[in-house]
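Student: Before I ask anything, here is the structure I am working with.
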Amino acid sequence: MVTELMKDVYWVGIVDWSLRKFHGHELSTHRGSTYNSYLIRDEKTVLIDTTWAPFKEEWLENIRAVIDPAKIDIVVANHAEPDHSGGLPLIMQHAPNAELIVSRRGMESIEGLYHQPWKFRAVKTGDRIPIGKSELVFIEATMLHWPDSMFTYLAGRNLLMPNDAFGQHYATAYRFNDQVDQEELYEEAIKYYANILTPFSPLVSKKIDEVLALGLPVDMIAPSHGVIWRKDPLQIVTTYKKWAAQAPEKTAVILYDTMWEATRKMAEAVGGGLAAEGVPYKIFHMAVTDRNDVITEIFKTKAVVIGSCTVNQGVLPTISPILEDLRGLRFQNKIGAAFGSYGWSGESVKVIEEHLQRCKIPVACPGVKAKWQPKPADLEACANMGKAVAQAVKA
């Protein structure tokens, strides 16, 4: 259903209630998502972003509910990723006279994905295109989160359309932030940030400062996924500034996998030590826990304590992906520790500690190993490790 955001500005996007995996199978989306696309009617008709290709026909009908697609003068592709650009071949076919506006890096990515001789026009930060009573203002947002990303601002209407920034994978019955459950909204917003934007946090802070320095009044922020921020829209900008600073809570997460429960017992003993020092913690068994949800918890916390029994002189396969995420997402202001059980060679703790160091996560205290099932002395050592981590958290 088409929604009018303000006079002559329409949401013509798609709500995908059934989506559960995104970026292939890399990101979980428990609450679905939306592919937001915006249609502006002025002396010129403008379409901002498209949709994912499986929904292109339904999306085209949404456009037709407002205007004949052939009357579209300008199509803006803020970002080439197919969930936003998948409808381009269809809309450029139905709007043959439309000019396609992209960022300078978008000239490469859009052409590279679709190989079409469309009427391209590359823009840079500060460029403006008059469309009648209003004008489009463009702001390059390199690496938020692709090199080609940019924001489009509708001057005169105070509407910012920042593509992937400020979004959420969140399917809802309504389009605006004041119409949905606020706890759900922020759960999805921080999960989106933690899993996608964390490694670009310094650029997030810089870009927000740059946009604010332009002095553009913002009455509404319309991202490309999830709900649109119309009530106190700058709340999400302020929150992004906070998240970009990566100032963690004084808490800990314990991640582990186990074969015969020895490492689980050690994890629980570590938790007991944390609790004894008054530091809240959560334990996640990685074999049965959604990895993206755990990444969100890691983003929020100060201490990451990881445990695995030794298998093939390394860690269990369920632990390897989260170790790689620690590297790729480049978390800041964390401390770490390692523990694990073994029967023969016992390398898992060393493997984890070396990986933490490569991730620039300081190891707060020496790791703990237990041979076979942990003895009372082993569990006491785990509890003492938890206490040492807790003291580092509080320090």
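Quick note on naming: the chains in the structure tokens go A, B, ... in the order shown, residues restart at 1 in each chain, and ligands are numbered from 1 in order of appearance.
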Could you please write out, as a PyMOL selection string, every residue of region 62-267 of chain A that DSSP assigns to helix (DSSP H, G or I)?
Tutor: chain A and resi 62-64+69-71+82-85+88-94+106-114+177-179+182-213+234-245+262-267
Student: I'd like the contact shell of Arg41 (chain A) - 7 Å cut-off, only C-alpha atoms, skipping same-chain residues fewer than 4 positions apart - returned as a list in words.
Tutor: Asp8, Val9, Thr45 and Val46 of chain A
Student: Using only C-alpha atoms, which of A:Ser345, A:Thr125, A:Asn312, A:Asn195 sits nearest Glu297 (chain A)?
Tutor: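 Using only C-alpha atoms, the shortest distance to Glu297 (chain A) belongs to A:Asn195.
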Student: Just the residues within 9 Å of Gln93 (chain A), please, counting only C-alpha atoms, with nothing from its chain fewer than 4 positions along; format it as a list in words.
Tutor: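 My list of contacting residues is Ala70, Leu88 and Pro89 of chain A.
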Student: With only C-alpha atoms as the atoms that count, which of A:Lys371, A:Lys207, A:Lys302, A:His355 lies nearest to Lys250 (chain A)?
Tutor: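 Distance minimum relative to Lys250 (chain A) lands on A:Lys302.
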Student: Taking only C-alpha atoms into account, name the residue in A:Ser33, A:Asn163, A:Ser348, A:Thr310 that is nearest to Glu81 (chain A).
Tutor: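 With only C-alpha atoms as the atom set, the closest residue is A:Asn163.
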Student: I'd like the contact shell of region 258-268 of chain A - 7 Å cut-off, only C-alpha atoms, skipping same-chain residues fewer than 3 positions apart - returned as a list in words.
Tutor: Ile254, Gly271, Gly272, Gly307, Ser308, Cys309, Gly340, Ser341, Gln373, Pro374, Leu379 and Cys382 of chain A
Student: Can those selected residues be exported to a file as a short mmCIF file (atom, residue, chain, number, x, y, z; two decimals), in the first residue's frame so that it contains N, CA and C atoms?
Tutor:
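Result file again18.cif:
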data_model
loop_
_atom_site.label_atom_id
_atom_site.label_comp_id
_atom_site.auth_asym_id
_atom_site.auth_seq_id
_atom_site.Cartn_x
_atom_site.Cartn_y
_atom_site.Cartn_z
N ILE A 254 29.94 -14.31 27.47
CA ILE A 254 30.71 -15.54 27.45
C ILE A 254 30.19 -16.37 26.29
N GLY A 271 31.19 -17.27 34.59
CA GLY A 271 30.07 -16.39 34.90
C GLY A 271 29.91 -16.16 36.38
N GLY A 272 30.11 -17.22 37.16
CA GLY A 272 30.02 -17.06 38.60
C GLY A 272 31.04 -16.08 39.14
N GLY A 307 35.25 -19.61 24.90
CA GLY A 307 35.71 -20.92 25.29
C GLY A 307 35.41 -21.98 24.25
N SER A 308 36.33 -22.94 24.10
CA SER A 308 36.12 -24.07 23.20
C SER A 308 37.00 -25.22 23.65
N CYS A 309 36.48 -26.42 23.50
CA CYS A 309 37.38 -27.56 23.63
C CYS A 309 38.29 -27.60 22.40
N GLY A 340 39.08 -23.30 27.95
CA GLY A 340 38.68 -24.47 27.19
C GLY A 340 39.15 -25.77 27.82
N SER A 341 38.49 -26.83 27.42
CA SER A 341 38.83 -28.17 27.88
C SER A 341 39.55 -28.92 26.76
N GLN A 373 37.24 -33.74 32.10
CA GLN A 373 36.21 -32.97 32.79
C GLN A 373 36.86 -32.09 33.87
N PRO A 374 36.40 -30.84 34.02
CA PRO A 374 37.06 -29.95 34.98
C PRO A 374 36.90 -30.44 36.42
N LEU A 379 37.50 -25.44 38.03
CA LEU A 379 36.34 -24.54 38.09
C LEU A 379 36.65 -23.32 38.95
N CYS A 382 38.54 -21.02 36.79
CA CYS A 382 37.62 -20.32 35.89
C CYS A 382 36.92 -19.17 36.61
#
Student: Do a neighbour search on Ala381 (chain A) at 7 Å with only C-alpha atoms, toss out local chain neighbours closer than 4 positions, and write the hits as a list in words.
Tutor: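 Everything that qualifies: Val368, Ala377 and Met385 of chain A.
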Student: Residues within 8 Å of region 170-183 of chain A, please, as number ranges by chain. Count only C-alpha atoms; anything in the same chain fewer than 4 positions from it doesn't count.
Tutor: A: 3, 15-17, 29, 31-34, 187-188, 225-231
Student: Pull N, CA and C atoms from the residues just selected and write them as a PDB file, in the first residue's frame.
Tutor:
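out-v4.pdb written:
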ATOM      1  N   THR A   3       2.038   4.978   0.727  1.00  0.00           N
ATOM      2  CA  THR A   3       1.845   5.893   1.854  1.00  0.00           C
ATOM      3  C   THR A   3       2.368   7.261   1.478  1.00  0.00           C
ATOM      4  N   VAL A  15       7.063  -4.265   1.709  1.00  0.00           N
ATOM      5  CA  VAL A  15       7.266  -4.875   3.021  1.00  0.00           C
ATOM      6  C   VAL A  15       7.466  -6.375   2.811  1.00  0.00           C
ATOM      7  N   ASP A  16       8.599  -6.878   3.256  1.00  0.00           N
ATOM      8  CA  ASP A  16       8.942  -8.292   3.094  1.00  0.00           C
ATOM      9  C   ASP A  16       8.839  -8.970   4.463  1.00  0.00           C
ATOM     10  N   TRP A  17       7.653  -9.469   4.772  1.00  0.00           N
ATOM     11  CA  TRP A  17       7.394 -10.069   6.078  1.00  0.00           C
ATOM     12  C   TRP A  17       8.151 -11.373   6.281  1.00  0.00           C
ATOM     13  N   THR A  29      17.373 -11.934   9.903  1.00  0.00           N
ATOM     14  CA  THR A  29      16.365 -10.870   9.953  1.00  0.00           C
ATOM     15  C   THR A  29      15.077 -11.464  10.528  1.00  0.00           C
ATOM     16  N   ARG A  31      12.627 -10.256  12.036  1.00  0.00           N
ATOM     17  CA  ARG A  31      11.387  -9.484  11.865  1.00  0.00           C
ATOM     18  C   ARG A  31      11.212  -8.995  10.429  1.00  0.00           C
ATOM     19  N   GLY A  32      11.791  -9.710   9.464  1.00  0.00           N
ATOM     20  CA  GLY A  32      11.620  -9.313   8.063  1.00  0.00           C
ATOM     21  C   GLY A  32      12.347  -8.030   7.742  1.00  0.00           C
ATOM     22  N   SER A  33      11.885  -7.332   6.705  1.00  0.00           N
ATOM     23  CA  SER A  33      12.495  -6.064   6.324  1.00  0.00           C
ATOM     24  C   SER A  33      11.551  -5.313   5.391  1.00  0.00           C
ATOM     25  N   THR A  34      11.981  -4.143   4.976  1.00  0.00           N
ATOM     26  CA  THR A  34      11.296  -3.412   3.909  1.00  0.00           C
ATOM     27  C   THR A  34      12.348  -2.952   2.906  1.00  0.00           C
ATOM     28  N   GLU A 187      15.891  -2.454  19.023  1.00  0.00           N
ATOM     29  CA  GLU A 187      16.575  -3.747  18.924  1.00  0.00           C
ATOM     30  C   GLU A 187      17.064  -3.970  17.500  1.00  0.00           C
ATOM     31  N   GLU A 188      16.196  -3.679  16.529  1.00  0.00           N
ATOM     32  CA  GLU A 188      16.578  -3.891  15.136  1.00  0.00           C
ATOM     33  C   GLU A 188      17.562  -2.833  14.658  1.00  0.00           C
ATOM     34  N   HIS A 225      15.623   0.831   4.576  1.00  0.00           N
ATOM     35  CA  HIS A 225      15.062  -0.342   5.237  1.00  0.00           C
ATOM     36  C   HIS A 225      14.360   0.106   6.513  1.00  0.00           C
ATOM     37  N   GLY A 226      13.218  -0.530   6.799  1.00  0.00           N
ATOM     38  CA  GLY A 226      12.551  -0.288   8.068  1.00  0.00           C
ATOM     39  C   GLY A 226      11.672   0.937   8.064  1.00  0.00           C
ATOM     40  N   VAL A 227      11.440   1.474   9.275  1.00  0.00           N
ATOM     41  CA  VAL A 227      10.502   2.578   9.417  1.00  0.00           C
ATOM     42  C   VAL A 227      11.169   3.919   9.150  1.00  0.00           C
ATOM     43  N   ILE A 228      10.336   4.919   8.942  1.00  0.00           N
ATOM     44  CA  ILE A 228      10.758   6.279   8.631  1.00  0.00           C
ATOM     45  C   ILE A 228      10.680   7.105   9.911  1.00  0.00           C
ATOM     46  N   TRP A 229      11.724   7.875  10.159  1.00  0.00           N
ATOM     47  CA  TRP A 229      11.814   8.667  11.393  1.00  0.00           C
ATOM     48  C   TRP A 229      11.148  10.024  11.173  1.00  0.00           C
ATOM     49  N   ARG A 230       9.915  10.191  11.690  1.00  0.00           N
ATOM     50  CA  ARG A 230       9.239  11.479  11.564  1.00  0.00           C
ATOM     51  C   ARG A 230       9.078  12.170  12.925  1.00  0.00           C
ATOM     52  N   LYS A 231       8.927  11.387  14.011  1.00  0.00           N
ATOM     53  CA  LYS A 231       8.835  11.983  15.340  1.00  0.00           C
ATOM     54  C   LYS A 231      10.241  12.102  15.906  1.00  0.00           C
TER      55      LYS A 231
END
Student: Which of region 97-164 of chain A end up as strand (DSSP E) when DSSP is run on this backbone - answer as a ChimeraX atom specification?
Tutor: /A:99-103,120-123,128-130,135-140,150-155,159-161
Student: Print the selection's residues with N, CA and C atoms to a file, as a PDB file, in the first residue's frame.
Tutor:
ATOM      1  N   GLU A  99      16.696  10.255 -16.426  1.00  0.00           N
ATOM      2  CA  GLU A  99      18.126  10.356 -16.161  1.00  0.00           C
ATOM      3  C   GLU A  99      18.413   9.604 -14.866  1.00  0.00           C
ATOM      4  N   LEU A 100      19.500   8.803 -14.860  1.00  0.00           N
ATOM      5  CA  LEU A 100      19.848   8.007 -13.694  1.00  0.00           C
ATOM      6  C   LEU A 100      20.974   8.709 -12.937  1.00  0.00           C
ATOM      7  N   ILE A 101      20.676   9.151 -11.711  1.00  0.00           N
ATOM      8  CA  ILE A 101      21.627   9.883 -10.891  1.00  0.00           C
ATOM      9  C   ILE A 101      22.320   8.913  -9.951  1.00  0.00           C
ATOM     10  N   VAL A 102      23.652   8.929  -9.950  1.00  0.00           N
ATOM     11  CA  VAL A 102      24.445   8.050  -9.087  1.00  0.00           C
ATOM     12  C   VAL A 102      25.597   8.865  -8.508  1.00  0.00           C
ATOM     13  N   SER A 103      26.233   8.311  -7.471  1.00  0.00           N
ATOM     14  CA  SER A 103      27.466   8.913  -6.978  1.00  0.00           C
ATOM     15  C   SER A 103      28.588   8.632  -7.975  1.00  0.00           C
ATOM     16  N   PHE A 120      23.363   8.083 -17.550  1.00  0.00           N
ATOM     17  CA  PHE A 120      23.944   8.291 -16.228  1.00  0.00           C
ATOM     18  C   PHE A 120      24.326   9.757 -16.011  1.00  0.00           C
ATOM     19  N   ARG A 121      24.257  10.155 -14.744  1.00  0.00           N
ATOM     20  CA  ARG A 121      24.820  11.429 -14.324  1.00  0.00           C
ATOM     21  C   ARG A 121      25.399  11.245 -12.932  1.00  0.00           C
ATOM     22  N   ALA A 122      26.689  11.464 -12.789  1.00  0.00           N
ATOM     23  CA  ALA A 122      27.351  11.301 -11.496  1.00  0.00           C
ATOM     24  C   ALA A 122      27.343  12.626 -10.742  1.00  0.00           C
ATOM     25  N   VAL A 123      27.078  12.549  -9.446  1.00  0.00           N
ATOM     26  CA  VAL A 123      27.041  13.749  -8.609  1.00  0.00           C
ATOM     27  C   VAL A 123      28.008  13.571  -7.433  1.00  0.00           C
ATOM     28  N   ARG A 128      23.441  19.988  -6.641  1.00  0.00           N
ATOM     29  CA  ARG A 128      22.000  20.208  -6.509  1.00  0.00           C
ATOM     30  C   ARG A 128      21.332  20.074  -7.871  1.00  0.00           C
ATOM     31  N   ILE A 129      20.131  19.532  -7.857  1.00  0.00           N
ATOM     32  CA  ILE A 129      19.326  19.439  -9.073  1.00  0.00           C
ATOM     33  C   ILE A 129      17.947  20.029  -8.772  1.00  0.00           C
ATOM     34  N   PRO A 130      17.606  21.181  -9.360  1.00  0.00           N
ATOM     35  CA  PRO A 130      16.262  21.738  -9.163  1.00  0.00           C
ATOM     36  C   PRO A 130      15.215  20.841  -9.812  1.00  0.00           C
ATOM     37  N   GLU A 135      14.444  21.113  -4.525  1.00  0.00           N
ATOM     38  CA  GLU A 135      15.616  20.650  -5.254  1.00  0.00           C
ATOM     39  C   GLU A 135      16.254  19.500  -4.495  1.00  0.00           C
ATOM     40  N   LEU A 136      16.965  18.675  -5.249  1.00  0.00           N
ATOM     41  CA  LEU A 136      17.686  17.549  -4.670  1.00  0.00           C
ATOM     42  C   LEU A 136      19.107  17.979  -4.339  1.00  0.00           C
ATOM     43  N   VAL A 137      19.555  17.630  -3.144  1.00  0.00           N
ATOM     44  CA  VAL A 137      20.927  17.899  -2.709  1.00  0.00           C
ATOM     45  C   VAL A 137      21.578  16.554  -2.406  1.00  0.00           C
ATOM     46  N   PHE A 138      22.817  16.375  -2.863  1.00  0.00           N
ATOM     47  CA  PHE A 138      23.472  15.072  -2.739  1.00  0.00           C
ATOM     48  C   PHE A 138      24.671  15.153  -1.797  1.00  0.00           C
ATOM     49  N   ILE A 139      24.832  14.084  -1.018  1.00  0.00           N
ATOM     50  CA  ILE A 139      25.927  13.995  -0.054  1.00  0.00           C
ATOM     51  C   ILE A 139      26.559  12.616  -0.201  1.00  0.00           C
ATOM     52  N   GLU A 140      27.793  12.556  -0.667  1.00  0.00           N
ATOM     53  CA  GLU A 140      28.475  11.273  -0.775  1.00  0.00           C
ATOM     54  C   GLU A 140      28.704  10.698   0.621  1.00  0.00           C
ATOM     55  N   MET A 150      25.469   7.100  -1.079  1.00  0.00           N
ATOM     56  CA  MET A 150      25.248   8.535  -0.911  1.00  0.00           C
ATOM     57  C   MET A 150      23.880   8.781  -0.294  1.00  0.00           C
ATOM     58  N   PHE A 151      23.696  10.003   0.216  1.00  0.00           N
ATOM     59  CA  PHE A 151      22.423  10.465   0.751  1.00  0.00           C
ATOM     60  C   PHE A 151      21.809  11.431  -0.263  1.00  0.00           C
ATOM     61  N   THR A 152      20.473  11.453  -0.291  1.00  0.00           N
ATOM     62  CA  THR A 152      19.754  12.466  -1.067  1.00  0.00           C
ATOM     63  C   THR A 152      18.864  13.261  -0.113  1.00  0.00           C
ATOM     64  N   TYR A 153      18.947  14.565  -0.214  1.00  0.00           N
ATOM     65  CA  TYR A 153      18.171  15.468   0.633  1.00  0.00           C
ATOM     66  C   TYR A 153      17.217  16.272  -0.246  1.00  0.00           C
ATOM     67  N   LEU A 154      15.955  16.328   0.158  1.00  0.00           N
ATOM     68  CA  LEU A 154      14.952  17.093  -0.585  1.00  0.00           C
ATOM     69  C   LEU A 154      14.820  18.463   0.053  1.00  0.00           C
ATOM     70  N   ALA A 155      15.524  19.433  -0.503  1.00  0.00           N
ATOM     71  CA  ALA A 155      15.510  20.789   0.032  1.00  0.00           C
ATOM     72  C   ALA A 155      14.142  21.424  -0.182  1.00  0.00           C
ATOM     73  N   LEU A 159      13.594  16.716   3.958  1.00  0.00           N
ATOM     74  CA  LEU A 159      13.524  15.255   3.970  1.00  0.00           C
ATOM     75  C   LEU A 159      14.882  14.683   3.583  1.00  0.00           C
ATOM     76  N   LEU A 160      15.467  13.878   4.486  1.00  0.00           N
ATOM     77  CA  LEU A 160      16.735  13.220   4.220  1.00  0.00           C
ATOM     78  C   LEU A 160      16.487  11.755   3.900  1.00  0.00           C
ATOM     79  N   MET A 161      17.016  11.305   2.766  1.00  0.00           N
ATOM     80  CA  MET A 161      16.897   9.914   2.347  1.00  0.00           C
ATOM     81  C   MET A 161      18.310   9.325   2.286  1.00  0.00           C
TER      82      MET A 161
END
Student: Restricting the calculation to only C-alpha atoms, which member of A:Trp146, A:Tyr240, A:Tyr35, A:Trp11 is positioned closest to Ala189 (chain A)?
Tutor: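 The shortest atom-to-atom distance to Ala189 (chain A) comes from A:Tyr240.
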